[in-house]
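In what follows, a structure is listed as structure tokens, so that the remarks can point back to it.
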Amino acid sequence: MLASVLAACGSDEGSGRPTLNWYNFPDDSGALQKAADRCSQASGGRYRISYNKLPRAADGQRQQLVRRLAAEDDSLDILGLDVTWAAEFAEARWIREWTGTAKRQAVEGTLRVPLQTATWKGKLYAVPYNTNTQLLWYRKDLVPTPPRTWAEMLDMAGVLARQGKPHFVEIQGAQYEGLTVWFNTLINSAGGSILNASATEPSLGPPASRAAGIMRDLAKSPAADPSLSNQMEDQNRLAMESGVAAFEINYPFVYPSMKANNAALFKNFRWAPYPRVDANRPARPTIGGIDLAVSAYSRHPDLAFEAALCLRNRENQLTAALEGGLPPTLRSLYDEPAFMKAYPFSREVLAALQEASVRPLTPAYQNISIAISHTLSPPSGIKPESSIETIRDQIDDALRSEGVIP
């Protein structure tokens with residue numbers, strides 16, 4: 001009896017229709033479930049997609065997938081990977097390469113930088129499902145003209161502080177992935193990178209010292225929120241909505257939140273490109289997002305590739321953007337009237353994505369990120385030269401390690 005119940009829960013294969021298990025982040029908007037339902041119906045009865053929710057925290061998501069893939073669990077078919085995981089999963093041979101027609105359809109019309117996150121050693125291992133990038137958000141009643149550089153922003157914050165006005169710059173300063181993202185954006189904006197082009201050794205150099213210096217300068221300036229070293233994206237949002245800040249570096253989810261939670265401040269809530277390190281060099285904000293991969297142990301890989309393409313098609317990406325707040329990876333959607341209306345900052349998001357940077361593409365990324373966030377926390381304690389040397393040594397150790405990262 002137990003065996004029959006488990007079989008019934010696991011698939012429809014007794015009736016000839018396979019169930020494809022899609023594991024992805026937990027979506028509260030309903031957009032992902034709609035995509036699964038649409039694609040199941042569109043298959044004409046050839047398969048059904050079951051949307052399975054992973055834990056909320058990225059570390060918990062990765063841990064669950066790693067454990068099950070290491071055990072060669074064949075109940076996983078389509079995997080929603082954080083944009084930093086493709087190299088690790090591909091190197092471990094847990095996900096399948098995209099080739100032929102499936103690859104051509106995955107690449108066609110997709111933004112260039114998100115595709116980089118799904119590529120390892122010149123091969124495509126996933127299809128970008130959604131992307132994300134940060135903008136500068138500011139109060140127009142306090143700052144009539146937004147700053148173009150970090151130096152300008154800190155100067156403006158200092159003037160507001162002396163005038164007794166709200167002046168904080170809200171940004172992610174806690175010891176977690178957001179701190180690594182901040183550093184990665186600054187070093188790329190300064191013309192450098194964390195790893196060399198072949199991802200075999202650290203690059204860093206003067207751009208890294210400049211990046212670390214900017215982080216330290218903000219933390220020691222009047223622009224720093226007293227809770228900077230404990231702040232993540234949501235704490236930044238709440239601080240901005242409470243009225244204590246003049247600037248915020250954050251993702252587009254803050255726009256509908258401000259509209260819903262503080263109508264008075266929303267009237268003066270504006271956006272601008274991510275601040276530059278150098279006035280003559282565009283900023284290169286780090287992208288986020290999810291890539292869809294096909295498990296190496298899936299019993300239905302051909303159907304899984306087909307289903308993954310359906311899940312990230314134009315209709316489903318538009319729904320995810322409008323209902324779930326997830327910026328699309330298909331270039332054409334940035335000209336879609338419904339998207340442009342819901343995202344009045346869509347042009348700025350697209351421009352940021354086209355200049356964006358990615359985090360280091362390496363199977364050792366998790367260890368590299370931990371080394372960076374630990375060394376640069378708290379930002380007020382950064383010593384640019386010695387902190388970068390510490391990061392360099394720890395990255396060397398991470399790159400020389402072998403096996404699956406814990």
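Ligands are numbered from 1 in the order shown, chains are lettered A, B, ... in the order of the structure tokens, and residues start at 1 in each chain.
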
Problem set entry | Backbone DSSP call of strand (DSSP E) for range 6-109 of chain A, listed as a VMD selection string | chain A and resid 19 to 24 48 to 53 78 to 82

Exercise. Near Lys103 in chain A, counting only C-alpha atoms, which residues have an atom at most 10 Å away, once you skip same-chain residues fewer than 2 positions from it, shown as JSON, numbers by chain?
Worked result: {"A": [97, 98, 99, 100, 101, 105, 106, 107, 108, 123, 124, 125, 126, 127, 305, 309]}

For this session: Skip range 177-189 of chain A itself and residues of its chain fewer than 4 positions away, then list as a VMD selection string all residues within 10 Å of it, counting only C-alpha atoms.
Result: chain A and resid 58 to 59 134 150 171 to 173 193 to 194 204 to 215 229 231 to 233 249 274 to 278 281 to 288 355 to 360 366 368 to 374 376 to 379

Give me a file of those residues, with C-alpha atoms, as a CSV table (one decimal), in the first residue's frame.
chain,number,residue,atom,x,y,z
A,58,ALA,CA,20.3,30.5,-1.2
A,59,ASP,CA,22.7,28.4,1.0
A,134,GLN,CA,20.9,47.1,-8.7
A,150,TRP,CA,30.7,57.3,-5.4
A,171,ILE,CA,23.8,49.4,1.1
A,172,GLN,CA,24.5,45.7,2.0
A,173,GLY,CA,27.2,45.7,4.6
A,193,SER,CA,38.3,41.7,-11.6
A,194,ILE,CA,38.6,39.2,-8.8
A,204,LEU,CA,42.7,41.9,-7.9
A,205,GLY,CA,45.5,44.5,-8.0
A,206,PRO,CA,45.0,48.3,-7.8
A,207,PRO,CA,41.2,48.2,-8.7
A,208,ALA,CA,40.7,45.9,-5.7
A,209,SER,CA,42.4,48.3,-3.4
A,210,ARG,CA,40.2,51.2,-4.8
A,211,ALA,CA,37.1,49.1,-4.3
A,212,ALA,CA,38.0,48.3,-0.7
A,213,GLY,CA,38.9,51.9,-0.1
A,214,ILE,CA,35.5,53.1,-1.3
A,215,MET,CA,33.8,50.6,1.0
A,229,SER,CA,27.6,46.0,9.2
A,231,GLN,CA,22.3,45.3,6.9
A,232,MET,CA,21.0,43.3,4.0
A,233,GLU,CA,18.7,44.2,1.1
A,249,ILE,CA,21.7,50.8,-3.6
A,274,TYR,CA,24.6,52.7,-10.3
A,275,PRO,CA,27.3,55.1,-9.2
A,276,ARG,CA,30.6,55.0,-11.0
A,277,VAL,CA,34.0,54.6,-9.5
A,278,ASP,CA,35.5,56.8,-12.2
A,281,ARG,CA,34.1,54.7,-16.9
A,282,PRO,CA,30.5,53.1,-16.8
A,283,ALA,CA,29.6,51.2,-13.6
A,284,ARG,CA,29.4,47.5,-13.9
A,285,PRO,CA,26.8,46.3,-11.4
A,286,THR,CA,26.8,42.6,-10.5
A,287,ILE,CA,23.8,40.6,-11.9
A,288,GLY,CA,21.8,38.1,-10.0
A,355,GLU,CA,27.2,46.8,-18.9
A,356,ALA,CA,26.9,44.3,-16.0
A,357,SER,CA,29.5,42.1,-14.4
A,358,VAL,CA,29.2,38.6,-13.2
A,359,ARG,CA,30.7,37.0,-10.1
A,360,PRO,CA,33.8,34.8,-10.7
A,366,GLN,CA,31.4,29.5,-2.6
A,368,ILE,CA,35.9,32.6,-2.7
A,369,SER,CA,32.8,34.5,-1.7
A,370,ILE,CA,33.2,33.5,2.0
A,371,ALA,CA,36.8,34.7,1.9
A,372,ILE,CA,35.8,38.1,0.6
A,373,SER,CA,32.8,38.7,2.9
A,374,HIS,CA,34.7,37.6,6.0
A,376,LEU,CA,35.8,42.8,4.4
A,377,SER,CA,33.5,42.6,7.4
A,378,PRO,CA,32.9,45.0,9.0
A,379,PRO,CA,33.5,47.6,6.2

Exercise. Restricting the calculation to only C-alpha atoms, which member of A:Glu72, A:Asp37, A:Asp234, A:Glu315 is positioned closest to Pro252 in chain A?
Worked result: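 The closest residue to Pro252 in chain A is A:Asp234.
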
Problem set entry | Test item: residues at most 6 Å from Ile49 in chain A, only C-alpha atoms, excluding those fewer than 6 positions along its chain, as a list in words |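 Contacts, with the query itself left out: Thr19, Leu20, Asn21, Ala36 and Ser40 of chain A.
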
Exercise. What lies within 7 Å of range 320-335 of chain A using only C-alpha atoms, ignoring chain neighbours under 6 positions off, as a ChimeraX atom specification?
Worked result: /A:29,31,109-111,114,128-132,253,342,346

Write out, as a CSV table (one decimal), in the first residue's frame, the residues just selected, with all heavy atoms.
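Saved file again_29.csv follows:
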chain,number,residue,atom,x,y,z
A,29,SER,N,4.4,34.8,-5.4
A,29,SER,CA,3.5,35.5,-6.3
A,29,SER,C,2.6,34.6,-7.1
A,29,SER,O,1.6,35.0,-7.7
A,29,SER,CB,4.3,36.4,-7.3
A,29,SER,OG,5.0,35.5,-8.3
A,31,ALA,N,3.7,33.2,-9.9
A,31,ALA,CA,4.1,33.2,-11.3
A,31,ALA,C,4.8,31.9,-11.7
A,31,ALA,O,4.6,31.4,-12.9
A,31,ALA,CB,5.1,34.4,-11.5
A,109,GLY,N,17.9,35.5,-28.7
A,109,GLY,CA,17.2,36.6,-28.1
A,109,GLY,C,17.5,36.9,-26.6
A,109,GLY,O,17.0,37.7,-26.0
A,110,THR,N,18.5,36.1,-26.0
A,110,THR,CA,18.8,36.2,-24.6
A,110,THR,C,19.9,37.2,-24.4
A,110,THR,O,20.9,37.2,-25.2
A,110,THR,CB,19.2,34.8,-24.1
A,110,THR,OG1,18.2,33.9,-24.2
A,110,THR,CG2,19.6,34.9,-22.6
A,111,LEU,N,19.8,38.0,-23.4
A,111,LEU,CA,20.8,39.0,-23.0
A,111,LEU,C,22.2,38.3,-22.9
A,111,LEU,O,22.3,37.2,-22.3
A,111,LEU,CB,20.5,39.8,-21.8
A,111,LEU,CG,19.2,40.7,-22.0
A,111,LEU,CD1,18.8,41.2,-20.6
A,111,LEU,CD2,19.6,41.9,-22.9
A,114,PRO,N,23.7,37.6,-18.9
A,114,PRO,CA,23.1,36.5,-18.2
A,114,PRO,C,23.6,35.1,-18.8
A,114,PRO,O,23.8,34.2,-18.0
A,114,PRO,CB,21.6,36.7,-18.4
A,114,PRO,CG,21.4,38.2,-18.4
A,114,PRO,CD,22.6,38.6,-19.2
A,128,PRO,N,19.2,31.0,-19.0
A,128,PRO,CA,18.8,32.1,-18.0
A,128,PRO,C,17.3,32.2,-17.9
A,128,PRO,O,16.6,32.4,-19.0
A,128,PRO,CB,19.5,33.3,-18.6
A,128,PRO,CG,20.7,32.8,-19.4
A,128,PRO,CD,20.2,31.5,-20.0
A,129,TYR,N,16.8,32.1,-16.7
A,129,TYR,CA,15.3,32.2,-16.5
A,129,TYR,C,15.0,33.6,-16.1
A,129,TYR,O,14.0,34.2,-16.7
A,129,TYR,CB,15.0,31.2,-15.3
A,129,TYR,CG,13.5,31.4,-14.9
A,129,TYR,CD1,12.5,31.0,-15.7
A,129,TYR,CD2,13.2,31.9,-13.6
A,129,TYR,CE1,11.2,31.1,-15.3
A,129,TYR,CE2,11.9,32.0,-13.2
A,129,TYR,CZ,10.9,31.6,-14.0
A,129,TYR,OH,9.6,31.7,-13.6
A,130,ASN,N,15.6,34.2,-15.2
A,130,ASN,CA,15.4,35.6,-14.9
A,130,ASN,C,16.8,36.2,-14.5
A,130,ASN,O,17.8,35.5,-14.2
A,130,ASN,CB,14.4,35.8,-13.7
A,130,ASN,CG,14.9,35.4,-12.4
A,130,ASN,OD1,14.9,34.2,-12.0
A,130,ASN,ND2,15.5,36.4,-11.6
A,131,THR,N,16.8,37.5,-14.4
A,131,THR,CA,18.0,38.2,-14.0
A,131,THR,C,17.7,39.3,-13.0
A,131,THR,O,16.5,39.5,-12.7
A,131,THR,CB,18.8,38.8,-15.2
A,131,THR,OG1,20.1,39.3,-14.8
A,131,THR,CG2,18.0,39.9,-15.9
A,132,ASN,N,18.7,40.1,-12.6
A,132,ASN,CA,18.4,41.1,-11.6
A,132,ASN,C,19.7,42.0,-11.6
A,132,ASN,O,20.8,41.6,-11.8
A,132,ASN,CB,18.1,40.6,-10.2
A,132,ASN,CG,17.0,41.5,-9.6
A,132,ASN,OD1,16.7,42.6,-10.0
A,132,ASN,ND2,16.3,40.9,-8.6
A,253,PHE,N,12.8,45.7,-6.5
A,253,PHE,CA,11.7,45.3,-5.6
A,253,PHE,C,11.4,46.5,-4.7
A,253,PHE,O,10.3,46.5,-4.1
A,253,PHE,CB,12.0,44.0,-4.8
A,253,PHE,CG,12.8,44.2,-3.6
A,253,PHE,CD1,12.3,44.3,-2.4
A,253,PHE,CD2,14.2,44.3,-3.7
A,253,PHE,CE1,13.1,44.5,-1.2
A,253,PHE,CE2,15.0,44.5,-2.6
A,253,PHE,CZ,14.4,44.6,-1.3
A,342,ALA,N,4.9,48.7,-16.0
A,342,ALA,CA,5.1,48.2,-14.6
A,342,ALA,C,6.5,48.6,-14.1
A,342,ALA,O,6.7,48.7,-12.9
A,342,ALA,CB,4.9,46.7,-14.6
A,346,SER,N,12.7,50.6,-16.7
A,346,SER,CA,13.1,49.5,-17.5
A,346,SER,C,14.3,49.8,-18.3
A,346,SER,O,15.2,49.0,-18.5
A,346,SER,CB,12.0,49.0,-18.4
A,346,SER,OG,11.5,50.0,-19.3

Which range 134-228 of chain A residues have any atom within 9 Å of an atom of range 391-396 of chain A, and for each, what is the nearest pair of atoms with distance in Å to one decimal, counting only C-alpha atoms, rows sorted by chain and number, as a Markdown table?
| residue | atom | partner | partner_atom | distance |
| --- | --- | --- | --- | --- |
| A:Ile194 | CA | A:Arg392 | CA | 8.9 |
| A:Leu195 | CA | A:Ile395 | CA | 8.8 |
| A:Thr200 | CA | A:Asp396 | CA | 8.9 |
| A:Glu201 | CA | A:Asp396 | CA | 6.5 |
| A:Pro202 | CA | A:Arg392 | CA | 6.2 |
| A:Ser203 | CA | A:Arg392 | CA | 8.3 |
| A:Leu204 | CA | A:Arg392 | CA | 7.5 |

For this session: Please identify all polymer residues within 10 Å of Lys267 in chain A, counting only C-alpha atoms, omitting same-chain residues fewer than 2 positions from it, and present them as a list in words.
Result: Arg139, Lys140, Asp141, Met258, Lys259, Asn262, Ala263, Ala264, Leu265, Phe269 and Arg270 of chain A

For this session: Return the single residue from A:Leu115, A:Ile95, A:Ala272, A:Ala219 that is closest to Pro144 in chain A, with distances computed using only C-alpha atoms.
Result: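 That would be A:Ala272, the residue with the smallest distance to Pro144 in chain A.
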